[in-house]
file final.txt (compact mmCIF, C-alpha atoms)
# COMPACT_ATOMS: atom_id res chain seq x y z
CA MET A 1 144.17 142.19 203.20
CA VAL A 2 141.35 144.23 201.67
CA THR A 3 138.40 144.44 204.00
CA GLN A 4 134.82 144.05 202.81
CA GLU A 5 134.20 147.74 203.41
CA GLN A 6 137.29 148.74 201.38
CA ARG A 7 136.18 146.44 198.56
CA ARG A 8 132.69 147.98 198.64
CA ARG A 9 134.16 151.48 198.38
CA GLN A 10 136.44 150.42 195.52
CA LEU A 11 133.49 149.00 193.58
CA ALA A 12 131.51 152.18 194.22
CA ARG A 13 134.36 154.32 192.89
CA GLU A 14 134.66 152.17 189.78
CA LYS A 15 130.91 152.41 189.18
CA PHE A 16 131.06 156.18 189.59
CA LEU A 17 133.95 156.47 187.11
CA ARG A 18 132.06 154.38 184.57
CA GLN A 19 129.01 156.60 184.94
CA GLN A 20 131.14 159.72 184.49
CA GLN A 21 132.74 158.28 181.36
CA ARG A 22 129.33 157.49 179.88
CA ARG A 23 128.03 160.97 180.70
CA THR A 24 131.13 162.61 179.22
CA SER A 25 130.76 160.53 176.07
CA ALA A 26 127.07 161.43 175.81
CA ARG A 27 127.82 165.14 176.22
CA ARG A 28 130.54 164.95 173.57
CA LYS A 29 128.17 163.27 171.12
CA ALA A 30 125.48 165.85 171.87
CA ARG A 31 127.90 168.70 171.17
CA MET A 32 128.94 167.10 167.91
CA ARG A 33 125.31 166.62 166.93
CA ASN A 34 124.25 170.17 167.75
CA ALA A 35 127.39 172.14 166.80
CA VAL A 36 127.56 174.35 163.75
CA ILE A 37 129.02 172.01 161.14
CA ALA A 38 129.80 169.52 163.84
CA SER A 39 132.43 171.41 165.85
CA VAL A 40 135.22 172.07 163.33
CA LEU A 41 133.69 173.22 160.08
CA GLY A 42 130.02 173.43 160.79
CA VAL A 43 127.30 174.96 158.75
CA ILE A 44 124.00 175.10 160.62
CA VAL A 45 122.23 172.72 162.94
CA ILE A 46 118.56 172.96 163.70
CA GLY A 47 118.06 172.80 167.46
CA SER A 48 115.57 170.49 169.11
CA VAL A 49 113.07 173.30 169.67
CA ALA A 50 113.65 174.76 166.22
CA LEU A 51 112.71 171.46 164.61
CA TYR A 52 109.06 172.29 165.24
CA THR A 53 109.24 176.05 164.80
CA THR A 54 110.82 178.41 162.32
CA GLY A 55 113.84 179.26 164.48
CA VAL A 56 117.40 178.39 163.51
CA VAL A 57 119.95 177.75 166.25
CA LEU A 58 123.49 178.86 165.48
CA ASP A 59 126.85 178.52 167.17
CA ASP A 60 125.96 175.59 169.43
CA GLY A 61 122.96 177.49 170.82
CA ASP A 62 124.89 180.65 171.73
CA SER A 63 123.01 182.89 169.30
CA LYS A 64 119.76 182.69 167.33
CA ALA A 65 118.33 184.09 164.14
CA ASN A 66 114.61 184.06 163.45
CA ALA A 67 113.59 182.35 160.25
CA SER A 68 110.62 183.22 158.09
CA ALA A 69 110.70 180.39 155.53
CA GLU A 70 108.05 177.70 155.38
CA VAL A 71 109.04 174.55 157.24
CA THR A 72 109.29 171.51 154.99
CA PRO A 73 108.80 168.18 156.79
CA SER A 74 111.45 165.55 156.22
CA ALA A 75 110.70 162.02 155.18
CA SER A 76 110.30 159.97 158.33
CA ALA A 77 112.81 157.30 159.20
CA SER A 78 110.04 154.69 159.10
CA SER A 79 108.91 155.70 155.59
CA LYS A 80 112.28 156.11 153.96
CA ALA A 81 112.07 157.14 150.33
CA PRO A 82 113.78 155.01 147.68
CA ASP A 83 117.41 155.84 147.02
CA PRO A 84 117.44 157.82 143.73
CA CYS A 85 121.20 157.58 143.25
CA ASP A 86 123.68 155.11 141.78
CA LYS A 87 126.44 153.21 143.52
CA PRO A 88 129.67 155.17 144.04
CA ALA A 89 132.53 154.73 141.63
CA GLY A 90 135.47 152.66 142.82
CA GLY A 91 138.23 154.48 144.63
CA GLU A 92 139.39 155.65 148.03
CA VAL A 93 139.13 158.96 149.84
CA LYS A 94 142.36 160.90 150.20
CA THR A 95 142.84 162.28 153.69
CA GLN A 96 145.58 164.78 152.96
CA THR A 97 146.13 167.88 155.06
CA TRP A 98 148.27 170.96 154.59
CA GLU A 99 149.73 173.39 157.11
CA LYS A 100 148.72 176.59 155.36
CA GLU A 101 146.43 178.00 152.71
CA PRO A 102 147.75 177.31 149.19
CA ALA A 103 149.47 180.09 147.30
CA MET A 104 147.28 182.10 144.96
CA THR A 105 147.52 180.51 141.51
CA ILE A 106 144.20 181.35 139.86
CA ASP A 107 143.59 184.28 137.53
CA LYS A 108 141.24 186.49 139.53
CA SER A 109 139.84 188.04 136.38
CA ALA A 110 139.07 184.71 134.68
CA THR A 111 135.93 182.58 134.77
CA TYR A 112 136.04 179.30 136.67
CA THR A 113 133.46 176.56 137.03
CA MET A 114 133.33 173.53 139.30
CA LYS A 115 131.71 170.24 138.39
CA LEU A 116 130.66 167.79 141.08
CA ALA A 117 130.17 164.45 139.33
CA THR A 118 128.02 162.75 141.96
CA THR A 119 126.27 159.42 142.21
CA CYS A 120 123.00 161.33 141.80
CA GLY A 121 124.02 163.32 138.73
CA ASP A 122 126.31 166.20 137.79
CA ILE A 123 126.11 169.48 139.68
CA ASP A 124 127.74 172.34 137.77
CA ILE A 125 128.65 175.47 139.69
CA ALA A 126 129.65 178.89 138.34
CA LEU A 127 132.32 180.19 140.74
CA LYS A 128 132.50 183.81 141.91
CA THR A 129 136.22 184.17 141.28
CA SER A 130 136.70 187.92 141.61
CA ALA A 131 134.41 188.19 144.65
CA ALA A 132 135.84 185.17 146.53
CA PRO A 133 139.36 184.57 145.16
CA HIS A 134 140.76 182.82 148.26
CA THR A 135 137.83 180.40 148.31
CA VAL A 136 137.95 179.66 144.59
CA ASN A 137 141.74 179.27 144.71
CA SER A 138 141.41 176.80 147.59
CA PHE A 139 138.80 174.73 145.75
CA ASN A 140 140.93 174.76 142.62
CA PHE A 141 143.86 173.47 144.67
CA LEU A 142 141.89 170.82 146.57
CA ALA A 143 140.05 169.55 143.50
CA GLY A 144 143.38 169.27 141.68
CA LYS A 145 144.67 167.09 144.52
CA GLY A 146 141.62 164.79 144.30
CA TYR A 147 140.64 165.86 147.82
CA PHE A 148 136.88 165.74 147.20
CA ASP A 149 136.86 162.56 145.12
CA HIS A 150 134.86 159.65 146.62
CA THR A 151 133.69 161.79 149.56
CA PRO A 152 130.07 161.65 150.78
CA CYS A 153 127.76 164.60 151.25
CA HIS A 154 127.12 163.86 154.91
CA ARG A 155 124.29 166.19 155.93
CA LEU A 156 120.89 167.17 154.60
CA THR A 157 118.82 169.77 156.43
CA THR A 158 115.13 169.91 155.56
CA ASN A 159 113.70 172.00 158.37
CA GLY A 160 114.19 175.75 158.89
CA ILE A 161 117.02 175.86 156.37
CA TYR A 162 117.35 173.74 153.24
CA VAL A 163 120.89 172.69 152.45
CA LEU A 164 123.04 169.74 151.46
CA GLN A 165 126.47 169.78 153.09
CA CYS A 166 129.57 168.23 151.52
CA GLY A 167 133.35 168.54 151.51
CA ASP A 168 134.42 166.45 154.51
CA PRO A 169 136.58 163.43 153.63
CA THR A 170 135.72 161.80 156.97
CA GLY A 171 131.99 161.97 156.25
CA GLN A 172 131.41 162.91 159.89
CA GLY A 173 131.26 166.70 159.70
CA ASN A 174 134.51 167.33 161.56
CA GLY A 175 137.15 167.02 158.83
CA GLY A 176 139.09 169.63 156.92
CA PRO A 177 142.23 170.33 154.91
CA GLY A 178 144.33 171.48 157.87
CA TYR A 179 144.16 175.16 156.99
CA ASN A 180 141.53 177.91 157.05
CA ILE A 181 140.60 180.55 154.51
CA PRO A 182 139.23 184.04 155.13
CA ASP A 183 135.56 184.96 154.84
CA GLU A 184 134.74 186.67 151.56
CA ASN A 185 131.85 188.21 149.64
CA LEU A 186 129.61 188.55 152.70
CA LYS A 187 127.97 191.61 151.14
CA ASP A 188 127.01 189.77 147.97
CA LYS A 189 123.96 191.43 146.42
CA SER A 190 122.15 188.07 146.35
CA LEU A 191 122.06 187.92 150.16
CA LYS A 192 118.96 189.94 150.92
CA GLU A 193 117.08 190.08 154.22
CA ASN A 194 119.34 187.47 155.83
CA THR A 195 118.46 184.86 153.24
CA TYR A 196 120.68 182.62 151.14
CA PRO A 197 118.69 182.06 147.94
CA ALA A 198 118.19 178.69 146.30
CA GLY A 199 121.11 177.86 144.03
CA THR A 200 123.75 179.36 146.30
CA VAL A 201 126.94 177.48 147.19
CA ALA A 202 128.57 178.77 150.37
CA MET A 203 131.33 177.88 152.79
CA ALA A 204 130.61 176.21 156.10
CA ASN A 205 132.38 177.45 159.22
CA THR A 206 132.41 177.16 162.99
CA GLY A 207 130.68 180.48 163.52
CA GLN A 208 134.01 182.20 164.06
CA PRO A 209 135.49 184.60 161.47
CA GLY A 210 137.96 183.04 159.07
CA SER A 211 137.21 179.45 160.08
CA GLY A 212 136.26 178.03 156.66
CA GLY A 213 138.11 174.96 155.41
CA SER A 214 136.82 172.50 152.84
CA GLN A 215 133.20 171.94 153.84
CA PHE A 216 130.50 173.73 151.89
CA PHE A 217 126.75 173.67 151.50
CA LEU A 218 124.40 173.80 148.53
CA VAL A 219 121.10 175.63 149.03
CA TYR A 220 118.11 173.95 147.36
CA GLN A 221 115.44 176.29 148.77
CA ASN A 222 115.65 179.86 150.09
CA SER A 223 117.17 179.59 153.56
CA PRO A 224 117.15 182.23 156.33
CA LEU A 225 120.74 182.66 157.47
CA PRO A 226 122.86 185.60 158.58
CA PRO A 227 125.47 186.72 156.02
CA SER A 228 128.30 184.85 157.75
CA TYR A 229 129.05 182.13 155.20
CA THR A 230 131.09 182.96 152.11
CA PRO A 231 128.87 182.65 149.00
CA PHE A 232 131.23 181.55 146.25
CA GLY A 233 129.14 179.88 143.57
CA THR A 234 125.81 179.47 141.82
CA ILE A 235 124.33 176.11 140.82
CA SER A 236 123.15 175.51 137.24
CA ASP A 237 119.52 174.68 136.49
CA GLU A 238 120.47 171.06 135.76
CA GLY A 239 122.40 170.92 139.02
CA MET A 240 119.38 172.22 140.91
CA THR A 241 117.31 169.37 139.48
CA VAL A 242 119.83 166.90 140.90
CA LEU A 243 119.93 168.70 144.25
CA LYS A 244 116.15 168.73 144.60
CA LYS A 245 116.05 165.02 143.79
CA ILE A 246 118.44 164.42 146.68
CA ALA A 247 116.37 166.61 149.00
CA ALA A 248 113.14 164.88 148.03
CA ALA A 249 114.52 161.57 149.33
CA GLY A 250 114.73 163.11 152.81
CA GLU A 251 117.20 162.56 155.63
CA SER A 252 117.80 159.64 157.96
CA THR A 253 116.49 160.94 161.30
CA GLY A 254 113.05 162.12 160.21
CA ALA A 255 113.65 165.21 162.36
CA GLY A 256 114.95 167.51 159.66
CA ASP A 257 118.72 167.26 160.07
CA GLY A 258 120.76 164.16 159.36
CA ALA A 259 122.50 162.05 156.75
CA PRO A 260 120.69 162.12 153.40
CA ASN A 261 118.70 159.02 152.50
CA ALA A 262 120.12 159.32 148.99
CA THR A 263 123.60 157.87 148.55
CA VAL A 264 125.27 161.17 147.66
CA VAL A 265 128.95 160.68 146.89
CA ILE A 266 131.17 163.02 144.90
CA ASP A 267 132.85 160.61 142.48
CA LYS A 268 134.95 163.42 141.01
CA ALA A 269 135.29 167.17 141.55
CA THR A 270 136.94 169.33 138.91
CA VAL A 271 137.56 173.07 138.64
CA THR A 272 137.98 174.42 135.13
CA LYS A 273 139.13 177.79 133.82
CA SER A 274 137.28 179.07 130.78
call {"tool": "encode", "arguments": {"input": "final.txt", "output": "structure tokens"}}
result
Amino acid sequence: MVTQEQRRRQLAREKFLRQQQRRTSARRKARMRNAVIASVLGVIVIGSVALYTTGVVLDDGDSKANASAEVTPSASASSKAPDPCDKPAGGEVKTQTWEKEPAMTIDKSATYTMKLATTCGDIDIALKTSAAPHTVNSFNFLAGKGYFDHTPCHRLTTNGIYVLQCGDPTGQGNGGPGYNIPDENLKDKSLKENTYPAGTVAMANTGQPGSGGSQFFLVYQNSPLPPSYTPFGTISDEGMTVLKKIAAAGESTGAGDGAPNATVVIDKATVTKS
């Protein structure tokens, strides 16, 4: 027979275990929220202190880079801007993965462009084929498989750095194609004084070398970042108009880093050789 004291101890242990589970879950969510590109393929997360300064926190708070750009306040959650985008086209996200980087099939000397047909308008990107052949080859492969079709752009950062992040089929910031590609073009002449200029398209990563996958970010305003993220494309003027429209709608948290208020979905991604 279980005594009253034994029962009391059992209940205390169960309560302790529940508390530990809740704390573990809270820590896991915090790491996901503050990790660079949310733990697997992160880009950049603005830390809680950096939200009100010009600092940018990288690599889950392990290293920092000072920013010099003007801080742009995000639309507050209570005064959410109207959604400027259309409803997504019908279709389902493909969650394919592959064990290794695809074989090189592009012509490194040719010109390639990528079109993101989004719910907010088309974003055309001139790809830097010769400077970032592995990256362009990977996007050519993934786009051909329909990997990006119907996927949301899951993060908008409006404080410290100014980017829209896309390329994760899960829409959570922790998805990828199952393989990684090497860093490339980190000495691109456009990257001056640790700044990624407006119009740049670059690969997201975990902060570790060679950790890029499928997630990428589009820069809508000059953003202070170390040259650690493969720049592989340049957005057209028309595409920049679409991107700034998305940015103007703000993000969901009102703190400068969250899901965009605009319903940004890539209906179709295509890579074309010209």
call {"tool": "closest_residue", "arguments": {"input": "final.txt", "among": "A:Leu225, A:Ile246, A:Leu164, A:Ala103", "to": "Asn140 of chain A", "atoms": "only C-alpha atoms"}}
result
A:Ala103
call {"tool": "closest_residue", "arguments": {"input": "final.txt", "among": "A:Ile125, A:Ile106, A:Ala117, A:Val242", "to": "Pro84 of chain A", "atoms": "all atoms listed in the file"}}
result
A:Val242
call {"tool": "closest_atom_pairs", "arguments": {"input": "final.txt", "of": "segment 131-156 of chain A", "to": "segment 188-208 of chain A", "cutoff": "12 Å", "atoms": "only C-alpha atoms", "output": "Markdown table"}}
result
| residue | atom | partner | partner_atom | distance |
| --- | --- | --- | --- | --- |
| A:Ala131 | CA | A:Asp188 | CA | 8.3 |
| A:Ala132 | CA | A:Asp188 | CA | 10.1 |
| A:His134 | CA | A:Met203 | CA | 11.6 |
| A:Thr135 | CA | A:Met203 | CA | 8.3 |
| A:Val136 | CA | A:Met203 | CA | 10.7 |
| A:Ser138 | CA | A:Met203 | CA | 11.4 |
| A:Phe139 | CA | A:Met203 | CA | 10.7 |
| A:Arg155 | CA | A:Ala204 | CA | 11.8 |
call {"tool": "closest_residue", "arguments": {"input": "final.txt", "among": "A:Ile161, A:Thr129, A:Lys115, A:Glu101", "to": "Ser211 of chain A", "atoms": "only C-alpha atoms"}}
result
A:Glu101
call {"tool": "atom_distance", "arguments": {"input": "final.txt", "atom1": "atom CA of Asp267 of chain A", "atom2": "atom CA of His150 of chain A"}}
result
4.7 Å
call {"tool": "atom_distance", "arguments": {"input": "final.txt", "atom1": "atom CA of Pro260 of chain A", "atom2": "atom CA of His154 of chain A"}}
result
6.8 Å
call {"tool": "atom_distance", "arguments": {"input": "final.txt", "atom1": "atom CA of Asp183 of chain A", "atom2": "atom CA of Lys128 of chain A"}}
result
13.3 Å
call {"tool": "closest_residue", "arguments": {"input": "final.txt", "among": "A:Ala81, A:Ala143, A:Val93, A:Ala126", "to": "Gly171 of chain A", "atoms": "only C-alpha atoms"}}
result
A:Val93
call {"tool": "closest_residue", "arguments": {"input": "final.txt", "among": "A:Val163, A:Leu243, A:Ala259, A:Ala269", "to": "Phe141 of chain A", "atoms": "only C-alpha atoms"}}
result
A:Ala269
call {"tool": "residues_near_point", "arguments": {"input": "final.txt", "point": "(133.6, 162.4, 156.6)", "cutoff": "10 Å", "atoms": "all atoms listed in the file", "output": "ChimeraX atom specification"}}
result
/A:93,95,151-154,166-176,215
call {"tool": "residues_around", "arguments": {"input": "final.txt", "residues": "Lys244 of chain A", "least_positions_apart": "5", "cutoff": "12 Å", "atoms": "only C-alpha atoms", "output": "JSON list (two decimals) with C-alpha atoms, in the coordinates of the input"}}
result
[["chain", "number", "residue", "atom", "x", "y", "z"],
["A", 84, "PRO", "CA", 117.44, 157.82, 143.73],
["A", 120, "CYS", "CA", 123.00, 161.33, 141.80],
["A", 121, "GLY", "CA", 124.02, 163.32, 138.73],
["A", 123, "ILE", "CA", 126.11, 169.48, 139.68],
["A", 156, "LEU", "CA", 120.89, 167.17, 154.60],
["A", 158, "THR", "CA", 115.13, 169.91, 155.56],
["A", 162, "TYR", "CA", 117.35, 173.74, 153.24],
["A", 163, "VAL", "CA", 120.89, 172.69, 152.45],
["A", 164, "LEU", "CA", 123.04, 169.74, 151.46],
["A", 198, "ALA", "CA", 118.19, 178.69, 146.30],
["A", 199, "GLY", "CA", 121.11, 177.86, 144.03],
["A", 218, "LEU", "CA", 124.40, 173.80, 148.53],
["A", 219, "VAL", "CA", 121.10, 175.63, 149.03],
["A", 220, "TYR", "CA", 118.11, 173.95, 147.36],
["A", 221, "GLN", "CA", 115.44, 176.29, 148.77],
["A", 235, "ILE", "CA", 124.33, 176.11, 140.82],
["A", 237, "ASP", "CA", 119.52, 174.68, 136.49],
["A", 238, "GLU", "CA", 120.47, 171.06, 135.76],
["A", 239, "GLY", "CA", 122.40, 170.92, 139.02],
["A", 249, "ALA", "CA", 114.52, 161.57, 149.33],
["A", 250, "GLY", "CA", 114.73, 163.11, 152.81],
["A", 260, "PRO", "CA", 120.69, 162.12, 153.40],
["A", 262, "ALA", "CA", 120.12, 159.32, 148.99]]
call {"tool": "axis_aligned_box", "arguments": {"input": "final.txt", "around": "segment 240-255 of chain A", "padding_each_side": "4 Å", "output": "lines of an AutoDock Vina configuration file"}}
result
center_x = 116.5
center_y = 165.9
center_z = 150.9
size_x = 14.9
size_y = 20.6
size_z = 30.9
call {"tool": "closest_residue", "arguments": {"input": "final.txt", "among": "A:Ser223, A:Ser274, A:Ser214, A:Thr157", "to": "Leu127 of chain A", "atoms": "only C-alpha atoms"}}
result
A:Ser274
call {"tool": "decode", "arguments": {"input": "final.txt", "residues": "segment 143-161 of chain A", "atoms": "N, CA, C and O atoms", "output": "mmCIF file, in the first residue's frame"}}
result
data_model
loop_
_atom_site.group_PDB
_atom_site.id
_atom_site.type_symbol
_atom_site.label_atom_id
_atom_site.label_comp_id
_atom_site.auth_asym_id
_atom_site.auth_seq_id
_atom_site.Cartn_x
_atom_site.Cartn_y
_atom_site.Cartn_z
ATOM 1 N N ALA A 143 14.508 24.688 -58.542
ATOM 2 C CA ALA A 143 13.387 25.317 -59.248
ATOM 3 C C ALA A 143 12.801 24.353 -60.272
ATOM 4 O O ALA A 143 11.575 24.281 -60.455
ATOM 5 N N GLY A 144 13.659 23.593 -60.937
ATOM 6 C CA GLY A 144 13.190 22.618 -61.910
ATOM 7 C C GLY A 144 12.363 21.509 -61.286
ATOM 8 O O GLY A 144 11.501 20.909 -61.955
ATOM 9 N N LYS A 145 12.605 21.234 -60.019
ATOM 10 C CA LYS A 145 11.848 20.211 -59.291
ATOM 11 C C LYS A 145 10.569 20.778 -58.669
ATOM 12 O O LYS A 145 9.815 20.042 -58.021
ATOM 13 N N GLY A 146 10.341 22.090 -58.825
ATOM 14 C CA GLY A 146 9.168 22.704 -58.203
ATOM 15 C C GLY A 146 9.304 22.874 -56.703
ATOM 16 O O GLY A 146 8.309 23.058 -55.991
ATOM 17 N N TYR A 147 10.543 22.865 -56.216
ATOM 18 C CA TYR A 147 10.803 22.884 -54.768
ATOM 19 C C TYR A 147 10.309 24.160 -54.102
ATOM 20 O O TYR A 147 9.821 24.133 -52.960
ATOM 21 N N PHE A 148 10.427 25.300 -54.791
ATOM 22 C CA PHE A 148 10.046 26.577 -54.192
ATOM 23 C C PHE A 148 8.576 26.939 -54.413
ATOM 24 O O PHE A 148 8.078 27.891 -53.807
ATOM 25 N N ASP A 149 7.910 26.199 -55.283
ATOM 26 C CA ASP A 149 6.530 26.546 -55.634
ATOM 27 C C ASP A 149 5.592 26.400 -54.432
ATOM 28 O O ASP A 149 5.661 25.404 -53.695
ATOM 29 N N HIS A 150 4.768 27.421 -54.216
ATOM 30 C CA HIS A 150 3.756 27.464 -53.149
ATOM 31 C C HIS A 150 4.357 27.627 -51.757
ATOM 32 O O HIS A 150 3.670 27.419 -50.755
ATOM 33 N N THR A 151 5.643 28.012 -51.679
ATOM 34 C CA THR A 151 6.278 28.187 -50.372
ATOM 35 C C THR A 151 6.179 29.641 -49.915
ATOM 36 O O THR A 151 6.285 30.561 -50.725
ATOM 37 N N PRO A 152 5.988 29.871 -48.624
ATOM 38 C CA PRO A 152 5.903 31.239 -48.110
ATOM 39 C C PRO A 152 7.285 31.844 -47.866
ATOM 40 O O PRO A 152 8.249 31.124 -47.612
ATOM 41 N N CYS A 153 7.368 33.152 -47.966
ATOM 42 C CA CYS A 153 8.543 33.854 -47.444
ATOM 43 C C CYS A 153 8.232 34.124 -45.977
ATOM 44 O O CYS A 153 7.331 34.897 -45.658
ATOM 45 N N HIS A 154 8.941 33.460 -45.088
ATOM 46 C CA HIS A 154 8.514 33.328 -43.697
ATOM 47 C C HIS A 154 9.039 34.400 -42.753
ATOM 48 O O HIS A 154 8.571 34.503 -41.625
ATOM 49 N N ARG A 155 10.019 35.190 -43.184
ATOM 50 C CA ARG A 155 10.589 36.169 -42.250
ATOM 51 C C ARG A 155 10.842 37.505 -42.930
ATOM 52 O O ARG A 155 11.366 37.561 -44.042
ATOM 53 N N LEU A 156 10.470 38.560 -42.215
ATOM 54 C CA LEU A 156 10.799 39.925 -42.632
ATOM 55 C C LEU A 156 11.497 40.609 -41.467
ATOM 56 O O LEU A 156 10.978 40.626 -40.345
ATOM 57 N N THR A 157 12.673 41.151 -41.735
ATOM 58 C CA THR A 157 13.422 41.875 -40.705
ATOM 59 C C THR A 157 13.455 43.351 -41.084
ATOM 60 O O THR A 157 13.851 43.709 -42.187
ATOM 61 N N THR A 158 13.014 44.197 -40.157
ATOM 62 C CA THR A 158 12.864 45.628 -40.431
ATOM 63 C C THR A 158 13.653 46.491 -39.461
ATOM 64 O O THR A 158 13.432 47.689 -39.387
ATOM 65 N N ASN A 159 14.558 45.881 -38.715
ATOM 66 C CA ASN A 159 15.282 46.608 -37.689
ATOM 67 C C ASN A 159 16.733 46.161 -37.675
ATOM 68 O O ASN A 159 17.017 44.988 -37.448
ATOM 69 N N GLY A 160 17.673 47.065 -37.949
ATOM 70 C CA GLY A 160 19.092 46.724 -37.953
ATOM 71 C C GLY A 160 19.551 46.222 -39.301
ATOM 72 O O GLY A 160 20.528 46.693 -39.857
ATOM 73 N N ILE A 161 18.876 45.199 -39.826
ATOM 74 C CA ILE A 161 19.057 44.765 -41.196
ATOM 75 C C ILE A 161 17.683 44.725 -41.843
ATOM 76 O O ILE A 161 16.664 44.708 -41.149
#
